Every structure is written in structure tokens, then in C-alpha cells.
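Q: I am sharing data-v9.cif, which consists of mmCIF, C-alpha atoms:
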data_work
loop_
_atom_site.label_atom_id
_atom_site.label_comp_id
_atom_site.auth_asym_id
_atom_site.auth_seq_id
_atom_site.Cartn_x
_atom_site.Cartn_y
_atom_site.Cartn_z
CA MET A 15 20.65 -23.02 29.61
CA PRO A 16 21.24 -19.26 29.79
CA ARG A 17 20.27 -17.58 33.03
CA GLY A 18 20.84 -13.89 32.42
CA GLU A 19 22.31 -11.32 34.78
CA LYS A 20 22.18 -11.76 38.55
CA GLY A 21 19.08 -10.37 40.21
CA VAL A 22 16.93 -10.39 37.10
CA GLY A 23 14.95 -13.56 36.55
CA PHE A 24 15.57 -14.31 32.90
CA CYS A 25 15.95 -18.00 33.88
CA LEU A 26 15.84 -20.15 30.77
CA PHE A 27 14.50 -17.20 28.78
CA THR A 28 17.20 -15.46 26.80
CA PRO A 29 17.42 -11.66 26.78
CA GLU A 30 16.35 -11.92 23.15
CA TYR A 31 13.09 -13.56 24.27
CA PHE A 32 12.31 -10.74 26.67
CA GLU A 33 13.24 -8.13 24.10
CA MET A 34 10.94 -9.80 21.58
CA VAL A 35 7.95 -10.09 23.90
CA GLU A 36 8.32 -6.76 25.70
CA VAL A 37 8.69 -4.91 22.39
CA ILE A 38 5.55 -6.62 21.17
CA TYR A 39 3.70 -5.45 24.29
CA SER A 40 5.06 -1.91 23.96
CA ARG A 41 3.50 -1.58 20.52
CA PHE A 42 0.09 -1.20 22.09
CA SER A 43 0.90 -0.23 25.67
CA PRO A 44 4.04 1.85 26.31
CA THR A 45 3.57 1.40 30.07
CA GLN A 46 3.46 -2.42 29.92
CA LEU A 47 6.77 -3.64 31.32
CA ASP A 48 7.50 -6.53 33.65
CA VAL A 49 10.68 -6.73 35.71
CA HIS A 50 11.48 -10.23 36.96
CA PHE A 51 13.47 -11.23 40.05
CA ARG A 52 14.25 -14.54 41.65
CA PRO A 53 12.67 -14.55 45.14
CA ASP A 54 16.06 -14.92 46.86
CA GLU A 55 17.66 -12.14 44.79
CA ILE A 56 15.18 -9.26 45.17
CA PRO A 57 17.17 -6.01 45.54
CA ASN A 58 16.43 -3.71 48.48
CA TRP A 59 14.76 -1.09 46.31
CA ALA A 60 12.16 -3.65 45.19
CA THR A 61 11.19 -5.14 48.56
CA ASN A 62 8.26 -2.77 49.06
CA LEU A 63 6.84 -3.21 45.57
CA ASN A 64 3.65 -5.13 44.86
CA LEU A 65 5.31 -8.25 43.46
CA SER A 66 3.36 -11.11 41.92
CA THR A 67 4.48 -14.72 41.53
CA GLN A 68 5.21 -16.00 38.05
CA TYR A 69 6.58 -19.33 36.95
CA SER A 70 9.17 -19.81 34.24
CA MET A 71 8.09 -23.02 32.52
CA THR A 72 9.52 -25.24 29.81
CA CYS A 73 8.23 -28.10 27.70
CA ASP A 74 10.50 -30.62 25.99
CA LEU A 75 8.71 -31.05 22.67
CA ALA A 76 10.21 -34.51 22.21
CA ASN A 77 7.77 -35.62 24.92
CA VAL A 78 4.68 -33.95 23.45
CA ASP A 79 1.76 -36.32 23.01
CA ILE A 80 -1.33 -34.62 21.63
CA LYS A 81 -4.71 -36.19 22.34
CA ASP A 82 -7.40 -34.37 20.43
CA ASN A 83 -10.70 -33.50 22.05
CA ASP A 84 -13.33 -33.00 19.35
CA GLU A 85 -15.48 -30.85 21.64
CA PHE A 86 -13.04 -27.94 21.30
CA ILE A 87 -11.63 -26.96 17.91
CA THR A 88 -8.58 -24.76 17.31
CA VAL A 89 -8.41 -22.59 14.20
CA PRO A 90 -5.58 -20.38 12.91
CA VAL A 91 -6.09 -16.63 13.00
CA GLU A 92 -5.82 -15.62 9.36
CA ASN A 93 -8.39 -12.96 8.43
CA PRO A 94 -9.39 -9.51 9.77
CA ASP A 95 -12.52 -10.79 11.51
CA GLN A 96 -10.51 -13.39 13.43
CA ILE A 97 -7.91 -10.77 14.39
CA ILE A 98 -10.67 -8.57 15.84
CA ILE A 99 -12.02 -11.53 17.85
CA ALA A 100 -8.55 -12.40 19.19
CA ALA A 101 -7.99 -8.77 20.22
CA GLN A 102 -11.33 -8.69 22.03
CA ILE A 103 -10.56 -11.91 23.90
CA SER A 104 -7.14 -10.57 24.96
CA ALA A 105 -8.55 -7.21 26.06
CA GLN A 106 -11.22 -8.92 28.13
CA ASN A 107 -8.98 -11.46 29.84
CA PHE A 108 -5.98 -9.20 30.43
CA LYS A 109 -8.25 -6.32 31.45
CA TYR A 110 -6.96 -3.87 28.87
CA ASP A 111 -8.91 -0.72 28.16
CA ALA A 112 -11.14 -0.82 25.07
CA SER A 113 -9.11 2.06 23.64
CA LEU A 114 -6.27 -0.43 23.06
CA LEU A 115 -8.27 -2.71 20.77
CA ASN A 116 -6.86 -1.25 17.56
CA ALA A 117 -3.32 -1.59 18.86
CA LEU A 118 -4.02 -5.18 19.92
CA GLU A 119 -5.27 -5.92 16.42
CA ASP A 120 -2.04 -4.46 15.03
CA MET A 121 -0.04 -6.68 17.39
CA TYR A 122 -1.81 -9.81 16.19
CA LEU A 123 -1.38 -8.78 12.55
CA ALA A 124 2.34 -8.19 13.13
CA ALA A 125 2.68 -11.63 14.76
CA ILE A 126 1.03 -13.24 11.74
CA ASP A 127 3.37 -11.31 9.43
CA ARG A 128 6.32 -12.74 11.39
CA ASN A 129 4.98 -16.25 10.70
CA ALA A 130 4.06 -16.84 14.33
CA THR A 131 1.43 -19.40 15.29
CA VAL A 132 -1.74 -17.55 16.29
CA LEU A 133 -4.73 -19.69 17.27
CA LEU A 134 -8.30 -19.31 18.42
CA VAL A 135 -10.02 -22.11 20.32
CA GLN A 136 -13.73 -22.56 19.74
CA ASP A 137 -16.59 -24.14 21.64
CA GLY A 138 -18.89 -24.92 18.75
CA VAL A 139 -18.90 -21.72 16.69
CA GLU A 140 -17.95 -19.38 19.55
CA ALA A 141 -14.31 -18.34 19.94
CA VAL A 142 -13.47 -18.57 23.64
CA GLY A 143 -9.67 -18.35 23.83
CA CYS A 144 -6.49 -17.53 21.94
CA GLY A 145 -2.72 -17.86 22.09
CA ILE A 146 0.50 -17.00 20.23
CA ALA A 147 3.81 -18.79 19.73
CA GLU A 148 6.81 -16.90 18.34
CA TYR A 149 9.88 -18.78 17.10
CA GLU A 150 13.55 -18.08 17.74
CA GLY A 151 16.13 -20.71 16.82
CA SER A 152 14.80 -24.03 18.11
CA ARG A 153 12.63 -22.47 20.82
CA ALA A 154 8.97 -21.46 20.79
CA ALA A 155 7.94 -18.63 23.13
CA VAL A 156 4.25 -18.83 24.08
CA TYR A 157 2.44 -15.68 25.20
CA PHE A 158 -0.91 -13.88 25.19
CA PHE A 159 -2.53 -17.18 26.09
CA SER A 160 -6.00 -16.83 27.59
CA VAL A 161 -9.45 -18.43 27.84
CA ASN A 162 -12.65 -16.55 28.64
CA GLU A 163 -13.45 -16.82 32.33
CA LYS A 164 -16.76 -18.66 32.03
CA TYR A 165 -15.07 -21.36 29.92
CA ARG A 166 -12.20 -22.08 32.28
CA ARG A 167 -11.77 -25.39 34.14
CA ARG A 168 -13.27 -27.28 31.20
CA GLY A 169 -10.06 -28.43 29.56
CA ILE A 170 -10.11 -25.74 26.90
CA GLY A 171 -6.84 -24.13 27.95
CA THR A 172 -5.06 -27.47 28.00
CA LYS A 173 -6.43 -28.28 24.55
CA LEU A 174 -5.22 -24.96 23.16
CA ILE A 175 -1.72 -25.11 24.62
CA ARG A 176 -1.29 -28.71 23.45
CA ARG A 177 -2.22 -27.69 19.94
CA ILE A 178 0.22 -24.78 20.03
CA VAL A 179 3.15 -26.95 21.14
CA CYS A 180 2.24 -29.60 18.57
CA ILE A 181 2.47 -27.00 15.80
CA ALA A 182 5.76 -25.75 17.25
CA LYS A 183 7.14 -29.29 17.16
CA SER A 184 6.01 -29.72 13.55
CA ARG A 185 7.98 -26.56 12.70
CA GLY A 186 11.19 -28.08 14.04
CA MET A 187 11.18 -26.56 17.52
CA THR A 188 12.61 -28.69 20.33
CA GLU A 189 11.45 -26.62 23.32
CA ALA A 190 8.59 -24.33 24.29
CA VAL A 191 8.86 -21.74 27.06
CA LEU A 192 6.40 -19.43 28.76
CA LEU A 193 5.71 -17.41 31.89
CA ALA A 194 2.68 -18.48 33.95
CA GLU A 195 1.17 -15.98 36.36
CA GLY A 196 -0.30 -17.65 39.43
CA ASP A 197 -0.99 -21.23 40.41
CA ASP A 198 -4.14 -21.69 38.31
CA ALA A 199 -2.25 -20.91 35.12
CA ARG A 200 0.68 -23.07 36.23
CA ARG A 201 -1.60 -26.08 36.67
CA VAL A 202 -3.08 -25.65 33.18
CA TYR A 203 0.37 -25.69 31.62
CA GLU A 204 1.51 -28.63 33.74
CA LYS A 205 -1.41 -30.66 32.39
CA ALA A 206 -0.12 -29.88 28.90
CA GLY A 207 3.39 -31.16 29.70
CA PHE A 208 5.17 -28.01 30.93
CA LYS A 209 7.40 -28.08 33.99
CA VAL A 210 8.42 -25.25 36.33
CA TYR A 211 12.03 -24.30 35.75
CA ASP A 212 12.14 -21.32 38.11
CA THR A 213 9.88 -19.17 40.27
CA LEU A 214 9.94 -15.41 39.76
CA SER A 215 8.77 -12.40 41.70
CA THR A 216 7.49 -9.94 39.11
CA TRP A 217 6.94 -6.21 39.24
CA ASN A 218 4.58 -4.76 36.66
CA PHE A 219 5.59 -1.22 35.73
CA GLN A 220 2.02 -0.54 34.62
CA GLN A 221 0.96 -0.59 38.29
CA VAL A 222 3.16 2.45 38.92
CA SER A 223 2.53 4.34 35.70
CA GLU A 224 -1.24 4.17 36.18
CA GLY A 225 -0.85 6.08 39.43
CA ILE A 226 1.19 8.91 37.92
#
Could the structure of this file be written out as C-alpha cells, please?

A:
Amino acid sequence: MPRGEKGVGFCLFTPEYFEMVEVIYSRFSPTQLDVHFRPDEIPNWATNLNLSTQYSMTCDLANVDIKDNDEFITVPVENPDQIIIAAQISAQNFKYDASLLNALEDMYLAAIDRNATVLLVQDGVEAVGCGIAEYEGSRAAVYFFSVNEKYRRRGIGTKLIRRIVCIAKSRGMTEAVLLAEGDDARRVYEKAGFKVYDTLSTWNFQQVSEGI
């Protein structure tokens, strides 16, 4: 699997994956940029930065076994009302300013136009989480995955990610990849069949730009 240039933690993610996801982010937040390092390859200039731990994770879709839980229902994001709801969930969980809502809506609309998988997960009639999978070759890249805080630790996140990878498999993908920030997120993905491929130390450029 491709590993990218030394010192930058592309891991199993290709440069094309990072270009795809970072460009998507930049459409609504020009200051949103993550720089990834392997912990043993952090350059001197980055040692004093506020680095967070992220996990590069992969799922072999040949091993995907979906067990539906009727309590939580996933629905595709297809209409303007659903796009607004998905944008609101993302803004809340990723702590984006409300002024970015319109740009988030544009991002979701663009993902749908690219034939990405965009899902909401519902508890009854209330939408409580969302996620996106973009496709490149035989690989699905999962991002913008989140569940509202008060609904976490109830199996909703696992249900949603399992549904996303099942759809990816049905579209001919053989692998799904993602970046998990922190141990709580890592455990959710592990329950859904993902495995840690590499551990990254990540610098978020937004932390610096907000102080300028």
C-alpha cells in the first residue's frame, strides 16, 4: 500500500485521498487544513505544536458482515431539507461557526452530485448523525462522520458506519479507509470492523489561523 513521502503520515491514504478531502473542507473553511506526521518522524519545527492523535484505519470489505438494528434507521440524504439537517449536525459536532452552515450545505450537495454515499441515521423520526463516503478506484474514503453527543454510546455510530461500508461494498469497493481522532472514535470504528493501520500526530492549521 502507498505510504507517501517521509515525515508526512499519508499511510495507506494516497495523496489523491488527501487532496480530495482537504479540497472538500476548503470549500467551506479556507483555514481548515490538517498536517499529519508519524509520531517517530515529527520534524523539529513541529515538536512544539499542539498535536493531536489520529488513527489511520482500514476495513477489508470482504469481511463486512452487516447486522441490522431496527431501532436505528439510516436514510440517504437526497433533498434540500435533509441537506440542511446534515449540515446542522456537522456544524454542531465539529464545532463549526453557524456562519458556515451555507457552505456546509454546499459541500453536502457537491458530494451528492459526485455520487458519494451521504447518510443520516435516525432515532425514530429524529436525525441524530450523518456520514459521507467518497469513492476512488476500489477504495471508499469515509469522512464527516458524527453522531450527536447525547446519542453516543448507544450503538448508533456503529450502525451508521456499518451501513456506509455495506453500501460501499455493494458499489464494488474492496476497502474503506478513514481517519479517527481520539480513542473513543477509534473504538467505534473497531466495532464496525476497522483496524488501525498507523498512528498519526496531527497538526490542525485552523488552531493557528484562529489566533492571527

Q: Can you translate the PyMOL selection byres ((chain A and resi 190) around 12) into the concrete residues it hits in this file, as a ChimeraX atom specification?

A: /A:26-27,31,70-78,146-157,175-176,178-183,185-189,191-193,203,206-209,211

Q: Excluding segment 163-172 of chain A and its own-chain neighbours fewer than 4 positions away, which residues fall within 9 Å of it when counting only C-alpha atoms? Please give them as a PDB file with C-alpha atoms, keeping the file's coordinate frame.

A:
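result26.pdb, freshly written:
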ATOM      1  CA  PHE A  86     -13.040 -27.940  21.300  1.00  0.00           C
ATOM      2  CA  ASN A 107      -8.980 -11.460  29.840  1.00  0.00           C
ATOM      3  CA  VAL A 135     -10.020 -22.110  20.320  1.00  0.00           C
ATOM      4  CA  GLN A 136     -13.730 -22.560  19.740  1.00  0.00           C
ATOM      5  CA  ASP A 137     -16.590 -24.140  21.640  1.00  0.00           C
ATOM      6  CA  VAL A 142     -13.470 -18.570  23.640  1.00  0.00           C
ATOM      7  CA  GLY A 143      -9.670 -18.350  23.830  1.00  0.00           C
ATOM      8  CA  CYS A 144      -6.490 -17.530  21.940  1.00  0.00           C
ATOM      9  CA  PHE A 159      -2.530 -17.180  26.090  1.00  0.00           C
ATOM     10  CA  ARG A 176      -1.290 -28.710  23.450  1.00  0.00           C
ATOM     11  CA  ARG A 177      -2.220 -27.690  19.940  1.00  0.00           C
ATOM     12  CA  VAL A 202      -3.080 -25.650  33.180  1.00  0.00           C
ATOM     13  CA  TYR A 203       0.370 -25.690  31.620  1.00  0.00           C
ATOM     14  CA  GLU A 204       1.510 -28.630  33.740  1.00  0.00           C
ATOM     15  CA  LYS A 205      -1.410 -30.660  32.390  1.00  0.00           C
ATOM     16  CA  ALA A 206      -0.120 -29.880  28.900  1.00  0.00           C
TER      17      ALA A 206
END

Q: Rounded to one decimal in Å, what is the spacing between atom CA of Arg201 of chain A and atom CA of Tyr69 of chain A?

A: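 Taking atom CA of Arg201 of chain A and atom CA of Tyr69 of chain A, their separation equals 10.6 Å.
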
Q: To one decimal place, how far is atom CA of Gly138 of chain A from atom CA of Ser113 of chain A in Å?

A: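 That distance, rounded to one decimal, is 29.1 Å.
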
Q: Counting only C-alpha atoms, write as a PDB file with C-alpha atoms, in the frame of the given file all protein and nucleic acid residues lying at most 7 Å from (6.7, -18.9, 38.2) in the file's frame.

A:
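Result file part18.pdb:
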ATOM      1  CA  THR A  67       4.480 -14.720  41.530  1.00  0.00           C
ATOM      2  CA  GLN A  68       5.210 -16.000  38.050  1.00  0.00           C
ATOM      3  CA  TYR A  69       6.580 -19.330  36.950  1.00  0.00           C
ATOM      4  CA  SER A  70       9.170 -19.810  34.240  1.00  0.00           C
ATOM      5  CA  LEU A 193       5.710 -17.410  31.890  1.00  0.00           C
ATOM      6  CA  ALA A 194       2.680 -18.480  33.950  1.00  0.00           C
ATOM      7  CA  GLU A 195       1.170 -15.980  36.360  1.00  0.00           C
ATOM      8  CA  VAL A 210       8.420 -25.250  36.330  1.00  0.00           C
ATOM      9  CA  ASP A 212      12.140 -21.320  38.110  1.00  0.00           C
ATOM     10  CA  THR A 213       9.880 -19.170  40.270  1.00  0.00           C
ATOM     11  CA  LEU A 214       9.940 -15.410  39.760  1.00  0.00           C
TER      12      LEU A 214
END

Q: Here is a test: counting all atoms listed in the file, which residue of A:Leu123, A:Val161, A:Val139, A:Leu174 is nearest to Gln106 of chain A?

A: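 Of the candidates, the smallest distance to Gln106 of chain A is held by A:Val161.
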
Q: What is the distance between atom CA of Val91 of chain A and atom CA of Asp111 of chain A, in Å to one decimal?

A: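 So the two atoms, atom CA of Val91 of chain A and atom CA of Asp111 of chain A, lie 22.2 Å apart.
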
Q: Using all atoms listed in the file, which of A:Ala100, A:Met121, A:Ala105, A:Ala112 sits nearest Leu133 of chain A?

A: A:Ala100

Q: Of the residues A:Thr131, A:Ser160, A:Asn116, A:Ser104, which is the one nearest to Ala199 of chain A, using only C-alpha atoms?

A: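 The answer is A:Ser160, which sits nearest to Ala199 of chain A.
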
Q: For the PyMOL selection byres ((chain A and resi 124) around 12), applied here, can you spell out every residue it catches as number ranges by chain?

A: A: 37-39, 41-42, 91-92, 97, 117-123, 125-132, 146, 148

Q: Using C-alpha atoms, can you write the selected residues to a file as a PDB file, in the frame of the given file?

A:
ATOM      1  CA  VAL A  37       8.690  -4.910  22.390  1.00  0.00           C
ATOM      2  CA  ILE A  38       5.550  -6.620  21.170  1.00  0.00           C
ATOM      3  CA  TYR A  39       3.700  -5.450  24.290  1.00  0.00           C
ATOM      4  CA  ARG A  41       3.500  -1.580  20.520  1.00  0.00           C
ATOM      5  CA  PHE A  42       0.090  -1.200  22.090  1.00  0.00           C
ATOM      6  CA  VAL A  91      -6.090 -16.630  13.000  1.00  0.00           C
ATOM      7  CA  GLU A  92      -5.820 -15.620   9.360  1.00  0.00           C
ATOM      8  CA  ILE A  97      -7.910 -10.770  14.390  1.00  0.00           C
ATOM      9  CA  ALA A 117      -3.320  -1.590  18.860  1.00  0.00           C
ATOM     10  CA  LEU A 118      -4.020  -5.180  19.920  1.00  0.00           C
ATOM     11  CA  GLU A 119      -5.270  -5.920  16.420  1.00  0.00           C
ATOM     12  CA  ASP A 120      -2.040  -4.460  15.030  1.00  0.00           C
ATOM     13  CA  MET A 121      -0.040  -6.680  17.390  1.00  0.00           C
ATOM     14  CA  TYR A 122      -1.810  -9.810  16.190  1.00  0.00           C
ATOM     15  CA  LEU A 123      -1.380  -8.780  12.550  1.00  0.00           C
ATOM     16  CA  ALA A 125       2.680 -11.630  14.760  1.00  0.00           C
ATOM     17  CA  ILE A 126       1.030 -13.240  11.740  1.00  0.00           C
ATOM     18  CA  ASP A 127       3.370 -11.310   9.430  1.00  0.00           C
ATOM     19  CA  ARG A 128       6.320 -12.740  11.390  1.00  0.00           C
ATOM     20  CA  ASN A 129       4.980 -16.250  10.700  1.00  0.00           C
ATOM     21  CA  ALA A 130       4.060 -16.840  14.330  1.00  0.00           C
ATOM     22  CA  THR A 131       1.430 -19.400  15.290  1.00  0.00           C
ATOM     23  CA  VAL A 132      -1.740 -17.550  16.290  1.00  0.00           C
ATOM     24  CA  ILE A 146       0.500 -17.000  20.230  1.00  0.00           C
ATOM     25  CA  GLU A 148       6.810 -16.900  18.340  1.00  0.00           C
TER      26      GLU A 148
END

Q: Using all atoms listed in the file for the distances, tell me which of A:Leu115, A:Lys109, A:Gln102, A:Phe158 is nearest to Ala141 of chain A.

A: A:Gln102

Q: Hey, which of A:Ser184, A:Gly196, A:Tyr110, A:Lys173 ends up closest to Val89 of chain A? Count all atoms listed in the file.

A: A:Lys173

Q: Regenerate segment 87-110 of chain A at the level of N, CA and C atoms and dump it as a PDB file, keeping the file's coordinate frame.

A:
ATOM      1  N   ILE A  87     -12.330 -26.991  19.185  1.00  0.00           N
ATOM      2  CA  ILE A  87     -11.630 -26.960  17.910  1.00  0.00           C
ATOM      3  C   ILE A  87     -10.739 -25.717  17.870  1.00  0.00           C
ATOM      4  N   THR A  88      -9.474 -25.900  17.490  1.00  0.00           N
ATOM      5  CA  THR A  88      -8.580 -24.760  17.310  1.00  0.00           C
ATOM      6  C   THR A  88      -8.525 -24.389  15.834  1.00  0.00           C
ATOM      7  N   VAL A  89      -8.485 -23.083  15.577  1.00  0.00           N
ATOM      8  CA  VAL A  89      -8.410 -22.590  14.200  1.00  0.00           C
ATOM      9  C   VAL A  89      -7.344 -21.507  14.128  1.00  0.00           C
ATOM     10  N   PRO A  90      -6.582 -21.445  13.038  1.00  0.00           N
ATOM     11  CA  PRO A  90      -5.580 -20.380  12.910  1.00  0.00           C
ATOM     12  C   PRO A  90      -6.237 -19.029  12.670  1.00  0.00           C
ATOM     13  N   VAL A  91      -5.631 -17.999  13.240  1.00  0.00           N
ATOM     14  CA  VAL A  91      -6.090 -16.630  13.000  1.00  0.00           C
ATOM     15  C   VAL A  91      -5.476 -16.165  11.689  1.00  0.00           C
ATOM     16  N   GLU A  92      -6.321 -15.916  10.701  1.00  0.00           N
ATOM     17  CA  GLU A  92      -5.820 -15.620   9.360  1.00  0.00           C
ATOM     18  C   GLU A  92      -6.476 -14.402   8.712  1.00  0.00           C
ATOM     19  N   ASN A  93      -7.677 -14.035   9.124  1.00  0.00           N
ATOM     20  CA  ASN A  93      -8.390 -12.960   8.430  1.00  0.00           C
ATOM     21  C   ASN A  93      -8.733 -11.831   9.403  1.00  0.00           C
ATOM     22  N   PRO A  94      -9.116 -10.670   8.902  1.00  0.00           N
ATOM     23  CA  PRO A  94      -9.390  -9.510   9.770  1.00  0.00           C
ATOM     24  C   PRO A  94     -10.442  -9.775  10.842  1.00  0.00           C
ATOM     25  N   ASP A  95     -11.487 -10.512  10.514  1.00  0.00           N
ATOM     26  CA  ASP A  95     -12.520 -10.790  11.510  1.00  0.00           C
ATOM     27  C   ASP A  95     -11.964 -11.604  12.672  1.00  0.00           C
ATOM     28  N   GLN A  96     -11.111 -12.576  12.374  1.00  0.00           N
ATOM     29  CA  GLN A  96     -10.510 -13.390  13.430  1.00  0.00           C
ATOM     30  C   GLN A  96      -9.541 -12.567  14.273  1.00  0.00           C
ATOM     31  N   ILE A  97      -8.819 -11.641  13.646  1.00  0.00           N
ATOM     32  CA  ILE A  97      -7.910 -10.770  14.390  1.00  0.00           C
ATOM     33  C   ILE A  97      -8.694  -9.905  15.373  1.00  0.00           C
ATOM     34  N   ILE A  98      -9.823  -9.375  14.949  1.00  0.00           N
ATOM     35  CA  ILE A  98     -10.670  -8.570  15.840  1.00  0.00           C
ATOM     36  C   ILE A  98     -11.136  -9.404  17.025  1.00  0.00           C
ATOM     37  N   ILE A  99     -11.554 -10.644  16.773  1.00  0.00           N
ATOM     38  CA  ILE A  99     -12.020 -11.530  17.850  1.00  0.00           C
ATOM     39  C   ILE A  99     -10.890 -11.815  18.830  1.00  0.00           C
ATOM     40  N   ALA A 100      -9.692 -12.125  18.314  1.00  0.00           N
ATOM     41  CA  ALA A 100      -8.550 -12.400  19.190  1.00  0.00           C
ATOM     42  C   ALA A 100      -8.220 -11.189  20.048  1.00  0.00           C
ATOM     43  N   ALA A 101      -8.260  -9.996  19.461  1.00  0.00           N
ATOM     44  CA  ALA A 101      -7.990  -8.770  20.220  1.00  0.00           C
ATOM     45  C   ALA A 101      -9.023  -8.569  21.315  1.00  0.00           C
ATOM     46  N   GLN A 102     -10.273  -8.842  21.025  1.00  0.00           N
ATOM     47  CA  GLN A 102     -11.330  -8.690  22.030  1.00  0.00           C
ATOM     48  C   GLN A 102     -11.155  -9.671  23.174  1.00  0.00           C
ATOM     49  N   ILE A 103     -10.790 -10.911  22.857  1.00  0.00           N
ATOM     50  CA  ILE A 103     -10.560 -11.910  23.900  1.00  0.00           C
ATOM     51  C   ILE A 103      -9.395 -11.479  24.789  1.00  0.00           C
ATOM     52  N   SER A 104      -8.306 -11.004  24.183  1.00  0.00           N
ATOM     53  CA  SER A 104      -7.140 -10.570  24.960  1.00  0.00           C
ATOM     54  C   SER A 104      -7.486  -9.372  25.836  1.00  0.00           C
ATOM     55  N   ALA A 105      -8.188  -8.396  25.279  1.00  0.00           N
ATOM     56  CA  ALA A 105      -8.550  -7.210  26.060  1.00  0.00           C
ATOM     57  C   ALA A 105      -9.411  -7.588  27.252  1.00  0.00           C
ATOM     58  N   GLN A 106     -10.328  -8.506  27.043  1.00  0.00           N
ATOM     59  CA  GLN A 106     -11.220  -8.920  28.130  1.00  0.00           C
ATOM     60  C   GLN A 106     -10.461  -9.660  29.225  1.00  0.00           C
ATOM     61  N   ASN A 107      -9.620 -10.608  28.847  1.00  0.00           N
ATOM     62  CA  ASN A 107      -8.980 -11.460  29.840  1.00  0.00           C
ATOM     63  C   ASN A 107      -7.784 -10.809  30.521  1.00  0.00           C
ATOM     64  N   PHE A 108      -7.103  -9.909  29.824  1.00  0.00           N
ATOM     65  CA  PHE A 108      -5.980  -9.200  30.430  1.00  0.00           C
ATOM     66  C   PHE A 108      -6.379  -7.831  30.963  1.00  0.00           C
ATOM     67  N   LYS A 109      -7.687  -7.545  30.879  1.00  0.00           N
ATOM     68  CA  LYS A 109      -8.250  -6.320  31.450  1.00  0.00           C
ATOM     69  C   LYS A 109      -7.611  -5.058  30.867  1.00  0.00           C
ATOM     70  N   TYR A 110      -7.430  -5.062  29.553  1.00  0.00           N
ATOM     71  CA  TYR A 110      -6.960  -3.870  28.870  1.00  0.00           C
ATOM     72  C   TYR A 110      -8.134  -2.974  28.514  1.00  0.00           C
TER      73      TYR A 110
END
